[in-house]
file upload-v2.cif (mmCIF, C-alpha atoms)
data_upload
loop_
_atom_site.label_atom_id
_atom_site.label_comp_id
_atom_site.auth_asym_id
_atom_site.auth_seq_id
_atom_site.Cartn_x
_atom_site.Cartn_y
_atom_site.Cartn_z
CA MET A 766 0.00 0.00 0.00
CA LYS A 767 2.81 2.36 0.91
CA ILE A 768 4.47 1.84 -2.46
CA VAL A 769 1.20 2.55 -4.29
CA ILE A 770 0.87 5.88 -2.51
CA THR A 771 4.47 6.76 -3.31
CA LEU A 772 3.97 5.84 -6.97
CA LEU A 773 0.80 7.94 -7.13
CA GLN A 774 2.78 10.86 -5.75
CA VAL A 775 5.53 10.29 -8.33
CA GLY A 776 2.82 10.36 -11.01
CA PHE A 777 1.39 13.54 -9.57
CA LEU A 778 4.81 15.23 -9.69
CA TYR A 779 5.08 14.15 -13.32
CA ILE A 780 1.70 15.74 -14.04
CA LEU A 781 2.92 18.97 -12.43
CA PHE A 782 5.94 18.88 -14.75
CA LEU A 783 3.65 18.34 -17.77
CA THR A 784 1.50 21.26 -16.56
CA GLY A 785 4.65 23.38 -16.48
CA LYS A 786 5.55 22.30 -20.00
CA PHE A 787 2.04 23.08 -21.18
CA LEU A 788 2.13 26.56 -19.61
CA HIS A 789 5.57 27.15 -21.13
CA ALA A 790 4.26 26.36 -24.61
CA LYS A 791 0.84 28.01 -24.32
CA LEU A 792 1.78 31.23 -22.56
CA SER A 793 5.33 31.32 -23.97
CA ILE A 794 6.80 31.91 -20.50
CA PRO A 795 10.58 32.01 -21.02
CA LEU A 796 11.23 29.42 -18.26
CA PRO A 797 11.59 25.65 -18.66
CA GLY A 798 8.55 23.51 -17.82
CA SER A 799 10.25 21.96 -14.81
CA ILE A 800 10.80 25.33 -13.12
CA ILE A 801 7.26 26.48 -13.94
CA GLY A 802 6.04 23.17 -12.44
CA LEU A 803 8.08 23.88 -9.31
CA LEU A 804 6.54 27.36 -9.00
CA VAL A 805 3.03 25.96 -9.58
CA LEU A 806 3.58 23.37 -6.82
CA TRP A 807 4.90 26.11 -4.53
CA GLY A 808 1.72 28.09 -5.21
CA LEU A 809 -0.56 25.10 -4.56
CA LEU A 810 1.22 24.31 -1.28
CA SER A 811 1.22 27.95 -0.18
CA ILE A 812 -2.51 28.49 -0.65
CA LYS A 813 -3.07 25.09 1.01
CA ILE A 814 -4.87 23.47 -1.91
CA ILE A 815 -2.45 20.57 -1.57
CA PRO A 816 -1.08 19.38 1.78
CA LEU A 817 2.64 18.62 1.92
CA ARG A 818 2.02 14.93 2.68
CA TRP A 819 0.41 14.47 -0.77
CA VAL A 820 3.73 14.98 -2.51
CA GLU A 821 6.44 14.57 0.10
CA LYS A 822 7.08 10.82 -0.30
CA GLY A 823 7.18 10.94 -4.08
CA ALA A 824 9.45 13.96 -4.02
CA TYR A 825 11.83 12.14 -1.70
CA VAL A 826 12.16 9.34 -4.27
CA PHE A 827 13.33 11.88 -6.86
CA LEU A 828 15.52 13.91 -4.50
CA SER A 829 17.39 10.89 -3.15
CA THR A 830 18.45 9.97 -6.69
CA LEU A 831 18.60 13.41 -8.33
CA PRO A 832 22.11 13.07 -9.87
CA LEU A 833 20.94 9.99 -11.81
CA TYR A 834 18.50 12.05 -13.88
CA LEU A 835 21.22 14.52 -14.83
CA ILE A 836 23.50 11.85 -16.29
CA PRO A 837 22.02 11.42 -19.81
CA ALA A 838 22.42 15.16 -20.47
CA THR A 839 25.98 15.25 -19.12
CA VAL A 840 27.07 12.29 -21.27
CA GLY A 841 26.37 14.60 -24.25
CA VAL A 842 29.75 16.20 -23.56
CA MET A 843 31.30 13.25 -25.44
CA ASP A 844 30.27 14.77 -28.78
CA TYR A 845 32.21 18.00 -28.20
CA GLY A 846 35.78 16.80 -27.77
CA HIS A 847 36.87 18.63 -30.95
CA VAL A 848 35.82 22.07 -29.61
CA PHE A 849 38.22 21.67 -26.72
CA ALA A 850 41.23 20.58 -28.72
CA GLY A 851 44.23 22.92 -28.89
CA LYS A 852 43.37 26.51 -28.00
CA GLY A 853 39.87 25.33 -27.14
CA SER A 854 41.17 23.76 -23.95
CA LEU A 855 41.41 27.32 -22.61
CA LEU A 856 37.60 27.41 -22.70
CA ILE A 857 37.56 24.71 -20.02
CA LEU A 858 39.99 26.69 -17.85
CA ILE A 859 37.94 29.85 -18.35
CA THR A 860 34.73 28.04 -17.42
CA ILE A 861 36.31 26.59 -14.28
CA GLY A 862 37.93 29.90 -13.27
CA SER A 863 34.77 31.89 -13.86
CA THR A 864 32.70 29.34 -11.90
CA PHE A 865 35.16 29.58 -9.01
CA ILE A 866 34.88 33.39 -8.88
CA THR A 867 31.09 33.20 -9.26
CA MET A 868 30.69 30.80 -6.35
CA VAL A 869 33.07 32.69 -4.07
CA VAL A 870 31.33 36.03 -4.76
CA ALA A 871 27.79 34.60 -4.47
CA SER A 872 28.63 32.79 -1.22
CA LEU A 873 30.44 35.73 0.37
CA VAL A 874 27.78 38.30 -0.58
CA SER A 875 24.87 36.21 0.71
CA GLN A 876 26.68 35.13 3.87
CA PHE A 877 27.83 38.67 4.64
CA MET A 878 24.35 40.12 4.11
CA ALA A 879 22.75 37.33 6.17
CA LYS A 880 25.07 37.95 9.12
CA HIS A 881 24.29 41.66 9.03
CA ASN A 882 20.63 40.82 8.78
CA VAL A 883 21.01 38.88 12.03
CA LYS A 884 22.80 41.71 13.78
CA GLU A 885 20.18 44.27 12.83
CA GLU A 886 17.07 42.23 13.49
CA GLY A 887 18.34 39.50 15.74
CA THR A 888 15.73 37.11 14.42
CA LEU A 889 17.53 34.33 12.55
CA SER A 890 18.18 31.24 14.59
CA MET B 8 20.29 -4.53 -32.09
CA ASN B 9 16.61 -4.41 -31.36
CA THR B 10 15.63 -0.89 -30.19
CA VAL B 11 13.84 -2.11 -27.08
CA VAL B 12 16.78 -4.26 -26.03
CA LEU B 13 19.17 -1.40 -26.76
CA ALA B 14 17.10 1.07 -24.75
CA PHE B 15 16.83 -1.37 -21.87
CA THR B 16 20.60 -2.02 -21.92
CA MET B 17 21.44 1.68 -21.81
CA ILE B 18 18.99 2.34 -18.98
CA LEU B 19 20.27 -0.60 -16.97
CA LEU B 20 23.87 0.36 -17.64
CA THR B 21 23.28 3.90 -16.37
CA VAL B 22 21.27 2.89 -13.32
CA ILE B 23 23.68 0.13 -12.24
CA LEU B 24 26.75 2.32 -12.76
CA TYR B 25 25.08 5.12 -10.81
CA PHE B 26 24.31 2.94 -7.82
CA VAL B 27 27.77 1.37 -7.84
CA MET B 28 29.43 4.80 -8.05
CA ASN B 29 27.13 6.08 -5.35
CA ALA B 30 28.16 3.21 -3.06
CA VAL B 31 31.83 3.97 -3.77
CA TYR B 32 31.21 7.63 -2.93
CA VAL B 33 29.39 6.86 0.30
CA ARG B 34 32.30 4.64 1.30
CA LEU B 35 35.22 6.91 0.41
CA ARG B 36 33.62 10.40 0.55
CA SER B 37 36.24 11.98 -1.71
CA PRO B 38 34.88 15.10 -3.45
CA PHE B 39 36.37 13.79 -6.69
CA LEU B 40 34.15 10.72 -6.55
CA VAL B 41 30.77 12.48 -6.71
CA PRO B 42 28.58 9.91 -8.51
CA ILE B 43 27.43 12.29 -11.21
CA LEU B 44 31.02 12.75 -12.37
CA THR B 45 32.23 9.15 -11.99
CA THR B 46 29.09 7.70 -13.59
CA ASN B 47 29.39 10.15 -16.47
CA ILE B 48 33.03 9.15 -17.09
CA ALA B 49 32.26 5.43 -16.76
CA VAL B 50 29.37 5.68 -19.25
CA ILE B 51 31.47 7.63 -21.78
CA VAL B 52 34.39 5.20 -21.46
CA LEU B 53 32.09 2.20 -21.97
CA LEU B 54 30.37 3.80 -24.97
CA SER B 55 33.74 4.60 -26.53
CA LEU B 56 34.98 1.04 -25.97
CA PHE B 57 31.98 -0.32 -27.87
CA ASP B 58 32.12 2.46 -30.46
CA ALA B 59 28.61 3.52 -29.54
CA SER B 60 27.53 7.12 -30.25
CA TYR B 61 25.68 9.51 -27.94
CA GLU B 62 22.69 9.11 -30.22
CA THR B 63 22.73 5.35 -29.61
CA TYR B 64 23.05 5.94 -25.86
CA MET B 65 20.08 8.29 -25.83
CA VAL B 66 17.77 5.59 -27.23
CA GLY B 67 17.70 4.48 -23.60
CA GLY B 68 19.09 7.62 -21.96
CA LYS B 69 16.08 9.70 -22.97
CA TRP B 70 13.87 7.70 -20.60
CA ILE B 71 16.04 8.63 -17.64
CA ASP B 72 16.28 12.18 -18.95
CA ALA B 73 12.47 12.31 -19.00
CA LEU B 74 12.49 12.01 -15.20
CA LEU B 75 14.65 15.12 -14.76
CA GLY B 76 11.58 17.35 -15.14
CA PRO B 77 9.60 15.92 -12.20
CA ALA B 78 12.84 15.66 -10.19
CA ILE B 79 13.33 19.42 -10.55
CA VAL B 80 9.67 19.95 -9.55
CA SER B 81 10.46 17.90 -6.40
CA LEU B 82 13.01 20.50 -5.33
CA CYS B 83 9.97 22.51 -4.30
CA ILE B 84 9.68 20.36 -1.15
CA PRO B 85 12.86 21.46 0.69
CA LEU B 86 12.11 24.94 -0.62
CA TYR B 87 8.61 24.93 0.85
CA LYS B 88 9.66 23.37 4.15
CA GLN B 89 12.28 26.07 4.59
CA ARG B 90 9.99 28.91 3.54
CA ASP B 91 10.37 30.79 6.84
CA VAL B 92 14.16 30.77 6.57
CA ILE B 93 13.85 31.96 2.98
CA LYS B 94 11.44 34.77 3.88
CA MET B 95 13.79 35.89 6.62
CA ASN B 96 16.70 36.02 4.16
CA VAL B 97 15.11 37.51 1.07
CA LEU B 98 17.70 40.27 0.74
CA PRO B 99 20.84 38.13 1.28
CA ILE B 100 19.47 35.59 -1.23
CA PHE B 101 18.73 38.26 -3.84
CA GLY B 102 22.07 39.96 -3.21
CA GLY B 103 24.08 36.76 -3.65
CA VAL B 104 22.15 35.60 -6.71
CA VAL B 105 22.18 38.93 -8.56
CA VAL B 106 25.82 39.81 -7.84
CA GLY B 107 26.99 36.21 -8.40
CA GLY B 108 24.97 35.89 -11.59
CA ILE B 109 26.40 39.08 -13.08
CA VAL B 110 29.95 38.09 -12.12
CA GLY B 111 29.35 34.64 -13.64
CA MET B 112 28.27 35.98 -17.02
CA LEU B 113 30.86 38.78 -17.20
CA THR B 114 34.00 36.91 -16.11
CA GLY B 115 33.45 34.01 -18.51
CA VAL B 116 32.66 36.13 -21.56
CA LEU B 117 35.34 38.75 -20.92
CA ALA B 118 38.06 36.15 -20.36
CA ALA B 119 37.05 34.29 -23.53
CA ARG B 120 36.94 37.54 -25.51
CA TRP B 121 40.36 38.52 -24.20
CA VAL B 122 41.78 35.21 -25.47
CA GLY B 123 40.13 35.96 -28.80
CA PHE B 124 37.37 33.40 -29.25
CA SER B 125 34.58 33.92 -31.80
CA THR B 126 31.29 35.60 -30.94
CA GLU B 127 29.59 32.24 -31.50
CA LEU B 128 31.67 30.75 -28.67
CA LEU B 129 31.25 33.82 -26.45
CA ALA B 130 27.47 33.59 -26.78
CA SER B 131 27.64 29.89 -25.92
CA ILE B 132 29.77 30.37 -22.80
CA LEU B 133 27.83 33.37 -21.43
CA PRO B 134 24.95 31.46 -19.78
CA LYS B 135 27.13 28.68 -18.31
CA SER B 136 25.94 29.08 -14.72
CA ILE B 137 22.25 28.95 -15.63
CA THR B 138 20.30 25.69 -15.82
CA SER B 139 20.64 24.19 -19.31
CA PRO B 140 17.17 24.67 -20.89
CA ILE B 141 17.47 28.42 -20.26
CA ALA B 142 21.15 28.53 -21.12
CA MET B 143 20.24 27.03 -24.52
CA GLN B 144 17.58 29.69 -25.12
CA ILE B 145 19.94 32.51 -24.19
CA ALA B 146 22.76 31.13 -26.34
CA ALA B 147 20.43 30.73 -29.33
CA GLU B 148 19.15 34.29 -28.99
CA LEU B 149 22.68 35.68 -28.96
CA GLY B 150 23.90 33.69 -31.94
CA GLY B 151 25.60 30.90 -30.00
CA ILE B 152 25.29 27.12 -30.32
CA PRO B 153 22.65 25.76 -27.90
CA SER B 154 24.13 22.26 -27.53
CA LEU B 155 27.58 23.72 -26.92
CA ALA B 156 26.05 26.03 -24.30
CA THR B 157 24.85 22.88 -22.53
CA VAL B 158 28.41 21.55 -22.50
CA PHE B 159 29.65 24.71 -20.75
CA VAL B 160 26.76 24.45 -18.30
CA ILE B 161 27.83 20.89 -17.47
CA ILE B 162 31.52 21.78 -17.10
CA ALA B 163 30.55 24.67 -14.79
CA GLY B 164 28.31 22.36 -12.75
CA LEU B 165 30.86 19.58 -12.36
CA ALA B 166 33.68 22.04 -11.59
CA GLY B 167 31.41 23.76 -9.09
CA ILE B 168 30.70 20.66 -7.03
CA LEU B 169 34.38 19.70 -7.05
CA MET B 170 35.50 23.16 -5.90
CA GLY B 171 32.64 23.73 -3.44
CA PRO B 172 34.23 22.10 -0.37
CA TRP B 173 37.51 24.00 -0.91
CA ILE B 174 35.77 27.30 -1.48
CA ASN B 175 33.85 26.81 1.76
CA ARG B 176 37.06 26.12 3.65
CA TRP B 177 39.29 28.79 2.11
CA PHE B 178 36.75 31.60 2.27
CA LYS B 179 35.16 30.57 5.58
CA ILE B 180 31.74 29.94 4.06
CA ASP B 181 30.24 28.24 7.10
CA THR B 182 26.53 29.02 6.85
CA ALA B 183 23.78 27.11 5.02
CA ILE B 184 22.91 30.26 3.11
CA GLY B 185 26.49 30.93 1.96
CA GLN B 186 27.13 27.35 0.89
CA GLY B 187 23.73 26.86 -0.73
CA ILE B 188 23.71 30.12 -2.69
CA GLY B 189 27.25 29.44 -3.98
CA LEU B 190 26.28 26.01 -5.30
CA GLY B 191 22.99 27.17 -6.79
CA VAL B 192 24.38 30.27 -8.49
CA GLY B 193 27.61 28.73 -9.79
CA ALA B 194 26.59 25.14 -10.45
CA HIS B 195 22.76 25.26 -10.98
CA ALA B 196 21.02 21.84 -10.87
CA ILE B 197 24.26 19.85 -10.54
CA GLY B 198 25.24 21.99 -7.57
CA THR B 199 21.77 21.60 -6.10
CA SER B 200 22.00 17.81 -6.38
CA LYS B 201 25.23 18.08 -4.37
CA SER B 202 23.67 20.48 -1.85
CA LEU B 203 21.20 17.76 -0.81
CA GLU B 204 24.17 16.14 0.99
CA TYR B 205 24.49 19.18 3.24
CA GLY B 206 20.91 19.00 4.51
CA GLU B 207 17.59 20.67 3.99
CA GLN B 208 18.55 24.28 4.68
CA THR B 209 21.49 24.27 2.31
CA SER B 210 19.55 22.48 -0.42
CA SER B 211 16.63 24.88 -0.10
CA MET B 212 19.05 27.81 -0.50
CA SER B 213 20.64 26.15 -3.52
CA SER B 214 17.22 25.47 -5.08
CA VAL B 215 16.15 29.07 -4.54
CA ALA B 216 19.41 30.30 -6.05
CA MET B 217 19.09 27.98 -9.06
CA THR B 218 15.47 29.00 -9.67
CA LEU B 219 16.11 32.72 -9.22
CA SER B 220 19.17 32.56 -11.48
CA ALA B 221 17.05 30.89 -14.13
CA ILE B 222 14.32 33.52 -13.84
CA ILE B 223 16.72 36.46 -13.79
CA GLY B 224 18.94 34.89 -16.47
CA ALA B 225 16.00 34.32 -18.82
CA PHE B 226 15.35 38.05 -18.85
CA ALA B 227 18.80 39.56 -18.25
CA GLY B 228 20.98 37.15 -20.26
CA PRO B 229 19.96 38.43 -23.70
CA LEU B 230 20.36 42.06 -22.55
CA PHE B 231 23.86 41.32 -21.33
CA GLY B 232 24.73 39.76 -24.64
CA ILE B 233 23.45 42.72 -26.64
CA TRP B 234 25.58 45.02 -24.50
CA LEU B 235 28.69 42.82 -24.71
CA PHE B 236 28.65 42.00 -28.41
CA PRO B 237 26.46 44.43 -30.31
#
call {"tool": "encode", "arguments": {"input": "upload-v2.cif", "output": "structure tokens"}}
result
Amino acid sequence: MKIVITLLQVGFLYILFLTGKFLHAKLSIPLPGSIIGLLVLWGLLSIKIIPLRWVEKGAYVFLSTLPLYLIPATVGVMDYGHVFAGKGSLLILITIGSTFITMVVASLVSQFMAKHNVKEEGTLS
Amino acid sequence: MNTVVLAFTMILLTVILYFVMNAVYVRLRSPFLVPILTTNIAVIVLLSLFDASYETYMVGGKWIDALLGPAIVSLCIPLYKQRDVIKMNVLPIFGGVVVGGIVGMLTGVLAARWVGFSTELLASILPKSITSPIAMQIAAELGGIPSLATVFVIIAGLAGILMGPWINRWFKIDTAIGQGIGLGVGAHAIGTSKSLEYGEQTSSMSSVAMTLSAIIGAFAGPLFGIWLFP
């Protein structure tokens, strides 16, 4: 019985994704269907149309194996070896270097602002 | 080979390799052994050994890829459970995402332009820290190559999860918000899949950062491109 409920929830999450895809196509929202689906689910949970327990178990199935679903797309890198030959290898270094700077800046800015937030309001646990 | 058998083989291959690599990672906990990277390498090596193309792989791979959509939708759960923490930190989240996002687009493009790469490549590298469906749109709009944009997105994501632990140590990033925003802004969905290891608060921050970057990037990316290469 438990597994049936979980599978139903998985199916429901899939329907939310399809809804997102549909909205993307129909209303030409410039966001991918998955992110629209996420925002729709957020809305449904927030206005309490759907209780958290209707989706939580199914979502956990996806979240516990999330990297698996990213693999087919990442394997696509195999077709682009030629771009990174010779001078192109610099593109990899640039991507890595730029990602490093991006993460450091994003982390430092948010952490700094959050700590000041705490000092001013004294609310964050 | 029969298509059904082929598809089934590729799916099984990916799933088994993933669970094996995951077990190895759980055992050894080296940041270099994150399953998404090791599985990816193992799959590519195997395909090359059997002279199989990416197209052949995707006969089965597309079925796993089809589950990425609902998996991203599922990220709403940690997000929703942590809504109070998010509300309390609206400004720090926005600050980190906006500043980080701008730095991400500028540094990559400017460095590549300085080296002298073509506009086509610049437009493809610009959206590298934004989740791939949007990165493809942005690249296409600016005259880049969408599939190549995806490759840069993947390199950024994999590099991001490898560098994350060091960045946190070197720059004293010791809060859930700092660690989560860094992963989400720099390494999008791949970073967010890594952030789940740090717990619910960090993963909710990473999800917010990934989603916000996507939303902001969808609107700001093309503008940036027009300004950078008119």
call {"tool": "resolve_selection", "arguments": {"input": "upload-v2.cif", "expression": "the PyMOL selection byres ((chain A) within 6 of (chain B))", "output": "list in words"}}
result
Leu778, Tyr779, Phe782, Ser799, Gly802, Leu803, Ala824, Phe827, Leu831, Pro832, Tyr834, Pro837, Val840, Val842, Thr860, Ile861, Ser863, Thr864, Thr867, Met868, Val870, Ala871, Ser872, Val874, Ser875, Gln876, Met878 and Ala879 of chain A
call {"tool": "atom_distance", "arguments": {"input": "upload-v2.cif", "atom1": "atom CA of Asp58 of chain B", "atom2": "atom CA of Leu13 of chain B"}}
result
14.0 Å
call {"tool": "atom_distance", "arguments": {"input": "upload-v2.cif", "atom1": "atom CA of Ala147 of chain B", "atom2": "atom CA of Val869 of chain A"}}
result
28.3 Å
call {"tool": "axis_aligned_box", "arguments": {"input": "upload-v2.cif", "around": "segment 81-86 of chain B", "padding_each_side": "4 Å", "output": "lines of an AutoDock Vina configuration file"}}
result
center_x = 11.3
center_y = 21.4
center_z = -2.9
size_x = 11.3
size_y = 15.0
size_z = 15.1
call {"tool": "atom_distance", "arguments": {"input": "upload-v2.cif", "atom1": "atom CA of Lys822 of chain A", "atom2": "atom CA of Thr771 of chain A"}}
result
5.7 Å
call {"tool": "residues_around", "arguments": {"input": "upload-v2.cif", "residues": "segment 230-233 of chain B", "least_positions_apart": "3", "cutoff": "8 Å", "atoms": "only C-alpha atoms", "output": "list in words"}}
result
Ala130, Leu133, Leu149, Phe226, Ala227, Phe236 and Pro237 of chain B
call {"tool": "write_last_selection", "arguments": {"input": "upload-v2.cif", "atoms": "C-alpha atoms", "output": "CSV table (one decimal), keeping the file's coordinate frame"}}
result
chain,number,residue,atom,x,y,z
B,130,ALA,CA,27.5,33.6,-26.8
B,133,LEU,CA,27.8,33.4,-21.4
B,149,LEU,CA,22.7,35.7,-29.0
B,226,PHE,CA,15.4,38.0,-18.8
B,227,ALA,CA,18.8,39.6,-18.2
B,236,PHE,CA,28.6,42.0,-28.4
B,237,PRO,CA,26.5,44.4,-30.3
call {"tool": "closest_residue", "arguments": {"input": "upload-v2.cif", "among": "B:Leu40, B:Val27, B:Ser214, B:Ala156", "to": "Tyr845 of chain A", "atoms": "all atoms listed in the file"}}
result
B:Ala156
call {"tool": "residues_around", "arguments": {"input": "upload-v2.cif", "residues": "Ser131 of chain B", "least_positions_apart": "6", "cutoff": "6 Å", "atoms": "only C-alpha atoms", "output": "list of chain:residue names"}}
result
B:Ala146, B:Gly151, B:Ile152, B:Ala156
call {"tool": "closest_residue", "arguments": {"input": "upload-v2.cif", "among": "B:Leu19, B:Leu235, B:Val33, B:Val215", "to": "Leu804 of chain A", "atoms": "all atoms listed in the file"}}
result
B:Val215
call {"tool": "resolve_selection", "arguments": {"input": "upload-v2.cif", "expression": "the PyMOL selection byres ((chain A and resi 774) around 8)", "output": "list in words"}}
result
Ile770, Thr771, Leu772, Leu773, Val775, Gly776, Phe777, Leu778, Trp819, Val820, Glu821, Lys822, Gly823 and Ala824 of chain A
call {"tool": "resolve_selection", "arguments": {"input": "upload-v2.cif", "expression": "the PyMOL selection byres ((chain A and resi 786) around 9)", "output": "mmCIF file with C-alpha atoms, keeping the file's coordinate frame"}}
result
data_model
loop_
_atom_site.group_PDB
_atom_site.id
_atom_site.type_symbol
_atom_site.label_atom_id
_atom_site.label_comp_id
_atom_site.auth_asym_id
_atom_site.auth_seq_id
_atom_site.Cartn_x
_atom_site.Cartn_y
_atom_site.Cartn_z
ATOM 1 C CA LEU A 781 2.920 18.970 -12.430
ATOM 2 C CA PHE A 782 5.940 18.880 -14.750
ATOM 3 C CA LEU A 783 3.650 18.340 -17.770
ATOM 4 C CA THR A 784 1.500 21.260 -16.560
ATOM 5 C CA GLY A 785 4.650 23.380 -16.480
ATOM 6 C CA PHE A 787 2.040 23.080 -21.180
ATOM 7 C CA LEU A 788 2.130 26.560 -19.610
ATOM 8 C CA HIS A 789 5.570 27.150 -21.130
ATOM 9 C CA ALA A 790 4.260 26.360 -24.610
ATOM 10 C CA LYS A 791 0.840 28.010 -24.320
ATOM 11 C CA PRO A 797 11.590 25.650 -18.660
ATOM 12 C CA GLY A 798 8.550 23.510 -17.820
ATOM 13 C CA SER A 799 10.250 21.960 -14.810
ATOM 14 C CA ILE A 801 7.260 26.480 -13.940
ATOM 15 C CA GLY A 802 6.040 23.170 -12.440
#
